[in-house]
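This report refers to the structure that appears directly beneath it.
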Amino acid sequence: MRNRLALAAIALWVLTLAAAAIVFIRGNTVPSPDGRTTVLVQPGEREFVLDEMRSLLVAVRDIEDGIIRDDKAKVAAAARTVGMAAAHDAAPALMAKLPLDFKGLALPLHRGFDELAAAAEHGEPAPALTARLTGQLDRCVACHAAYRLGVSQ
Ligand code: HEC
C-alpha cells in the first residue's frame, strides 16, 4: 500500500513536471487561422509588446540614418536603446506566456543590437554595419512570419 502511494506520488510529480515543461516550451499559444501561432496575452501585456516593437522600428530607422550620415555615435546610441538592457524590462508573467522559440528569436535580436553598437563604436565601415542591420531585420521578419498576438481575458 505504501509502495503504491509512493508510486502514485512520483507519477503525479512526473506529470506535473511534464506539464510545466510543455507550458515552458509552448507558452500560452493557440494556432492562428493565417498559419501563424497566436500568443495569448493580457491587454496591458499586448500594449507593452507593441510599444517595444515600435521602439525597435524607431531604432532601426535611427541606425540606418546614422550609417548614411557616417555618424557612428548615433548608430551606437540608437542600437543601445534596444540592446539587452531593454530586454530585461519584461515581467515574469509575460515571459512565461511567450513560447521558448519566441524568446529564442527575441534575445539574439537584443544581443545583436549590442554587438552592432560595439561595432559602430569600433568604427566598423558602413557596408559591414548595414550587413549587421540586415541580419537583424531577418530576425524581425522570421518572428513576424511565425507569431501574432491575441488577447486573453
Ligand atoms: C520574437 C518575435 C519578434 C521579433 C524578433 C520582432 N517582432 Fe515585431 N512583432 C512581433 C509580434 C508578435 C507582433 C504583433 C503582430 C500581430 O499581432 O499581428 C509584432 C508587431 C510589430 C510592430 C507593430 C506594432 C504596433 O504598434 O502595432 C512593429 C512596428 C514591429 N513589430 C517591428 C519590429 C521590428 C522593427 C523588429 C526587428 C528589429 C521586430 N519587430 C522584431 C514579434 C516580434
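Identifiers for the C-alpha cells are assigned positionally: chains receive A, B, ... in sequence, residues are indexed from 1 per chain, and ligands are indexed from 1 in the order shown.
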Could I get the residues of chain A with an atom no further than 8 Å from an atom of ligand 1, each paired with its nearest atom pair and that distance in Å to one decimal, using only C-alpha atoms and all ligand atoms, sorted by chain and residue number, as a tab-separated table?
```
residue	atom	partner	partner_atom_place_in_ligand_line	distance
A:Thr38	CA	ligand 1	17 (O)	7.6
A:Val39	CA	ligand 1	12 (C)	7.2
A:Glu47	CA	ligand 1	26 (O)	7.8
A:Val49	CA	ligand 1	13 (C)	7.4
A:Leu50	CA	ligand 1	24 (C)	4.5
A:Asp51	CA	ligand 1	26 (O)	6.0
A:Glu52	CA	ligand 1	24 (C)	8.0
A:Met53	CA	ligand 1	30 (C)	4.2
A:Arg54	CA	ligand 1	29 (C)	4.6
A:Ser55	CA	ligand 1	32 (C)	7.8
A:Leu56	CA	ligand 1	35 (C)	4.7
A:Leu57	CA	ligand 1	35 (C)	3.9
A:Val58	CA	ligand 1	35 (C)	7.6
A:Ala59	CA	ligand 1	38 (C)	7.8
A:Val60	CA	ligand 1	38 (C)	6.3
A:Asp101	CA	ligand 1	1 (C)	8.0
A:Phe102	CA	ligand 1	1 (C)	4.5
A:Lys103	CA	ligand 1	1 (C)	5.9
A:Gly104	CA	ligand 1	1 (C)	7.2
A:Leu105	CA	ligand 1	1 (C)	4.7
A:Ala106	CA	ligand 1	1 (C)	4.1
A:Leu107	CA	ligand 1	1 (C)	7.8
A:Leu109	CA	ligand 1	5 (C)	6.1
A:Gln136	CA	ligand 1	38 (C)	6.0
A:Leu137	CA	ligand 1	37 (C)	5.3
A:Asp138	CA	ligand 1	37 (C)	7.8
A:Arg139	CA	ligand 1	5 (C)	5.2
A:Cys140	CA	ligand 1	41 (C)	3.5
A:Val141	CA	ligand 1	41 (C)	6.9
A:Ala142	CA	ligand 1	5 (C)	7.1
A:Cys143	CA	ligand 1	2 (C)	4.2
A:His144	CA	ligand 1	42 (C)	5.2
A:Tyr147	CA	ligand 1	12 (C)	4.8
A:Arg148	CA	ligand 1	17 (O)	3.6
A:Leu149	CA	ligand 1	17 (O)	3.8
A:Gly150	CA	ligand 1	17 (O)	6.5
```
Now that the selection is made, can you save its residues with C-alpha atoms as a PDB file, in the first residue's frame?
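Once everything was written out, this is selection39.pdb:
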```pdb
ATOM      1  CA  THR A  38      -1.106  33.320 -31.698  1.00  0.00           C
ATOM      2  CA  VAL A  39       0.491  34.156 -28.358  1.00  0.00           C
ATOM      3  CA  GLU A  47       0.420  47.160 -25.301  1.00  0.00           C
ATOM      4  CA  VAL A  49       4.999  44.224 -26.517  1.00  0.00           C
ATOM      5  CA  LEU A  50       3.695  46.507 -29.292  1.00  0.00           C
ATOM      6  CA  ASP A  51       5.292  49.521 -27.615  1.00  0.00           C
ATOM      7  CA  GLU A  52       8.599  47.653 -27.584  1.00  0.00           C
ATOM      8  CA  MET A  53       8.065  46.785 -31.258  1.00  0.00           C
ATOM      9  CA  ARG A  54       7.611  50.433 -32.191  1.00  0.00           C
ATOM     10  CA  SER A  55      10.821  51.242 -30.295  1.00  0.00           C
ATOM     11  CA  LEU A  56      12.580  48.607 -32.409  1.00  0.00           C
ATOM     12  CA  LEU A  57      11.323  50.273 -35.593  1.00  0.00           C
ATOM     13  CA  VAL A  58      12.493  53.699 -34.379  1.00  0.00           C
ATOM     14  CA  ALA A  59      15.906  52.226 -33.505  1.00  0.00           C
ATOM     15  CA  VAL A  60      16.245  50.598 -36.938  1.00  0.00           C
ATOM     16  CA  ASP A 101      11.156  29.654 -29.706  1.00  0.00           C
ATOM     17  CA  PHE A 102       9.784  33.244 -29.494  1.00  0.00           C
ATOM     18  CA  LYS A 103      12.319  34.075 -26.766  1.00  0.00           C
ATOM     19  CA  GLY A 104      14.943  32.302 -28.890  1.00  0.00           C
ATOM     20  CA  LEU A 105      14.254  34.891 -31.615  1.00  0.00           C
ATOM     21  CA  ALA A 106      13.959  37.901 -29.274  1.00  0.00           C
ATOM     22  CA  LEU A 107      17.098  37.500 -27.147  1.00  0.00           C
ATOM     23  CA  LEU A 109      17.910  40.267 -31.557  1.00  0.00           C
ATOM     24  CA  GLN A 136      18.815  41.950 -37.507  1.00  0.00           C
ATOM     25  CA  LEU A 137      15.902  42.623 -39.892  1.00  0.00           C
ATOM     26  CA  ASP A 138      15.949  38.918 -40.837  1.00  0.00           C
ATOM     27  CA  ARG A 139      15.086  38.229 -37.191  1.00  0.00           C
ATOM     28  CA  CYS A 140      12.141  40.689 -37.287  1.00  0.00           C
ATOM     29  CA  VAL A 141      10.879  39.013 -40.467  1.00  0.00           C
ATOM     30  CA  ALA A 142      11.262  35.483 -39.063  1.00  0.00           C
ATOM     31  CA  CYS A 143       9.313  36.240 -35.909  1.00  0.00           C
ATOM     32  CA  HIS A 144       6.541  38.188 -37.666  1.00  0.00           C
ATOM     33  CA  TYR A 147       3.789  34.727 -34.462  1.00  0.00           C
ATOM     34  CA  ARG A 148       0.992  37.150 -33.794  1.00  0.00           C
ATOM     35  CA  LEU A 149      -0.554  38.417 -30.584  1.00  0.00           C
ATOM     36  CA  GLY A 150      -4.016  37.640 -29.272  1.00  0.00           C
TER      37      GLY A 150
END
```
Please report, as CSV, each residue of segment 83-104 of chain A lying at most 9 Å from segment 24-35 of chain A, together with the nearest pair of atoms and the separation in Å rounded to one decimal; use only C-alpha atoms, and order rows by chain and ascending residue number.
```
residue,atom,partner,partner_atom,distance
A:Met95,CA,A:Gly27,CA,8.5
A:Ala96,CA,A:Gly27,CA,6.2
A:Lys97,CA,A:Gly27,CA,4.4
A:Leu98,CA,A:Gly27,CA,4.8
A:Pro99,CA,A:Gly27,CA,4.0
A:Leu100,CA,A:Ile25,CA,4.8
A:Asp101,CA,A:Ile25,CA,7.5
```
Spatial neighbours of segment 72-88 of chain A, max dist 7 Å, only C-alpha atoms, sep filter under 2 positions, as a list of chain:residue names: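 What passes the distance filter is A:Leu56, A:Ala59, A:Asp62, A:Ile63, A:Gly66, A:Ile67, A:Asp70, A:Ala90, A:His110, A:Arg111, A:Phe113, A:Asp114, A:Leu116, A:Ala117, A:Ala118, A:Ala120, A:Glu121, A:Gly123.
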Could you please take those selected residues and save N, CA, C and O atoms as a PDB file, in the first residue's frame?
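Heads up, here's the output in result.pdb:
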```pdb
ATOM      1  N   LEU A  56      11.643  49.302 -31.515  1.00  0.00           N
ATOM      2  CA  LEU A  56      12.580  48.607 -32.409  1.00  0.00           C
ATOM      3  C   LEU A  56      12.601  49.279 -33.775  1.00  0.00           C
ATOM      4  O   LEU A  56      13.663  49.485 -34.365  1.00  0.00           O
ATOM      5  N   ALA A  59      14.467  52.482 -33.596  1.00  0.00           N
ATOM      6  CA  ALA A  59      15.906  52.226 -33.505  1.00  0.00           C
ATOM      7  C   ALA A  59      16.484  51.863 -34.872  1.00  0.00           C
ATOM      8  O   ALA A  59      17.531  52.381 -35.271  1.00  0.00           O
ATOM      9  N   ASP A  62      16.795  54.977 -36.896  1.00  0.00           N
ATOM     10  CA  ASP A  62      17.894  55.847 -36.465  1.00  0.00           C
ATOM     11  C   ASP A  62      19.267  55.237 -36.787  1.00  0.00           C
ATOM     12  O   ASP A  62      20.208  55.963 -37.110  1.00  0.00           O
ATOM     13  N   ILE A  63      19.373  53.905 -36.677  1.00  0.00           N
ATOM     14  CA  ILE A  63      20.636  53.235 -37.029  1.00  0.00           C
ATOM     15  C   ILE A  63      20.940  53.484 -38.508  1.00  0.00           C
ATOM     16  O   ILE A  63      22.051  53.863 -38.882  1.00  0.00           O
ATOM     17  N   GLY A  66      22.032  56.972 -39.063  1.00  0.00           N
ATOM     18  CA  GLY A  66      23.408  57.147 -38.590  1.00  0.00           C
ATOM     19  C   GLY A  66      24.421  56.577 -39.573  1.00  0.00           C
ATOM     20  O   GLY A  66      25.481  57.169 -39.814  1.00  0.00           O
ATOM     21  N   ILE A  67      24.098  55.427 -40.166  1.00  0.00           N
ATOM     22  CA  ILE A  67      25.016  54.801 -41.135  1.00  0.00           C
ATOM     23  C   ILE A  67      25.155  55.710 -42.362  1.00  0.00           C
ATOM     24  O   ILE A  67      26.264  55.987 -42.826  1.00  0.00           O
ATOM     25  N   ASP A  70      27.236  58.642 -41.739  1.00  0.00           N
ATOM     26  CA  ASP A  70      28.532  58.257 -41.172  1.00  0.00           C
ATOM     27  C   ASP A  70      28.683  58.801 -39.745  1.00  0.00           C
ATOM     28  O   ASP A  70      29.746  59.258 -39.345  1.00  0.00           O
ATOM     29  N   ALA A  90      10.815  43.053 -19.334  1.00  0.00           N
ATOM     30  CA  ALA A  90       9.598  42.249 -19.442  1.00  0.00           C
ATOM     31  C   ALA A  90       9.278  41.554 -18.117  1.00  0.00           C
ATOM     32  O   ALA A  90      10.155  41.000 -17.463  1.00  0.00           O
ATOM     33  N   HIS A 110      18.166  41.331 -29.368  1.00  0.00           N
ATOM     34  CA  HIS A 110      18.675  42.349 -28.448  1.00  0.00           C
ATOM     35  C   HIS A 110      20.205  42.274 -28.355  1.00  0.00           C
ATOM     36  O   HIS A 110      20.893  43.291 -28.373  1.00  0.00           O
ATOM     37  N   ARG A 111      20.743  41.048 -28.278  1.00  0.00           N
ATOM     38  CA  ARG A 111      22.201  40.878 -28.206  1.00  0.00           C
ATOM     39  C   ARG A 111      22.848  41.435 -29.478  1.00  0.00           C
ATOM     40  O   ARG A 111      23.880  42.085 -29.426  1.00  0.00           O
ATOM     41  N   PHE A 113      21.851  43.858 -31.307  1.00  0.00           N
ATOM     42  CA  PHE A 113      21.914  45.324 -31.297  1.00  0.00           C
ATOM     43  C   PHE A 113      23.076  45.807 -30.426  1.00  0.00           C
ATOM     44  O   PHE A 113      23.718  46.812 -30.758  1.00  0.00           O
ATOM     45  N   ASP A 114      23.369  45.090 -29.328  1.00  0.00           N
ATOM     46  CA  ASP A 114      24.546  45.449 -28.519  1.00  0.00           C
ATOM     47  C   ASP A 114      25.825  45.255 -29.338  1.00  0.00           C
ATOM     48  O   ASP A 114      26.742  46.071 -29.279  1.00  0.00           O
ATOM     49  N   LEU A 116      26.039  45.374 -32.593  1.00  0.00           N
ATOM     50  CA  LEU A 116      26.063  46.426 -33.620  1.00  0.00           C
ATOM     51  C   LEU A 116      26.579  47.741 -33.011  1.00  0.00           C
ATOM     52  O   LEU A 116      27.386  48.446 -33.629  1.00  0.00           O
ATOM     53  N   ALA A 117      26.127  48.030 -31.775  1.00  0.00           N
ATOM     54  CA  ALA A 117      26.584  49.253 -31.094  1.00  0.00           C
ATOM     55  C   ALA A 117      28.095  49.205 -30.882  1.00  0.00           C
ATOM     56  O   ALA A 117      28.808  50.186 -31.173  1.00  0.00           O
ATOM     57  N   ALA A 118      28.596  48.051 -30.414  1.00  0.00           N
ATOM     58  CA  ALA A 118      30.045  47.910 -30.175  1.00  0.00           C
ATOM     59  C   ALA A 118      30.819  48.048 -31.478  1.00  0.00           C
ATOM     60  O   ALA A 118      31.866  48.710 -31.528  1.00  0.00           O
ATOM     61  N   ALA A 120      29.937  49.735 -34.147  1.00  0.00           N
ATOM     62  CA  ALA A 120      29.927  51.149 -34.553  1.00  0.00           C
ATOM     63  C   ALA A 120      30.946  51.938 -33.729  1.00  0.00           C
ATOM     64  O   ALA A 120      31.671  52.785 -34.262  1.00  0.00           O
ATOM     65  N   GLU A 121      31.000  51.636 -32.423  1.00  0.00           N
ATOM     66  CA  GLU A 121      31.963  52.328 -31.551  1.00  0.00           C
ATOM     67  C   GLU A 121      33.395  52.043 -31.978  1.00  0.00           C
ATOM     68  O   GLU A 121      34.290  52.876 -31.806  1.00  0.00           O
ATOM     69  N   GLY A 123      34.272  51.750 -34.978  1.00  0.00           N
ATOM     70  CA  GLY A 123      34.476  52.356 -36.302  1.00  0.00           C
ATOM     71  C   GLY A 123      34.307  51.410 -37.467  1.00  0.00           C
ATOM     72  O   GLY A 123      34.901  51.618 -38.532  1.00  0.00           O
TER      73      GLY A 123
END
```
Chain A: residues DSSP assigns to alpha helix (DSSP H), reported as a ChimeraX atom specification: /A:2-26,43-68,72-80,84-87,92-97,100-121,126-146
Sel. of strand (DSSP E) residues, chain A, as a PyMOL selection string: chain A and resi 29-31+37-41+147-151
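Taking atom CA of Glu45 of chain A and atom CA of Glu64 of chain A as the two end points, the separation is 28.8 Å.
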Between atom CA of Pro127 of chain A and atom CA of Arg69 of chain A - distance in Å to one decimal: 12.8 Å
Computed interatomic separation between atom CA of Phe48 of chain A and atom CA of Ser152 of chain A (Å): 14.6 Å
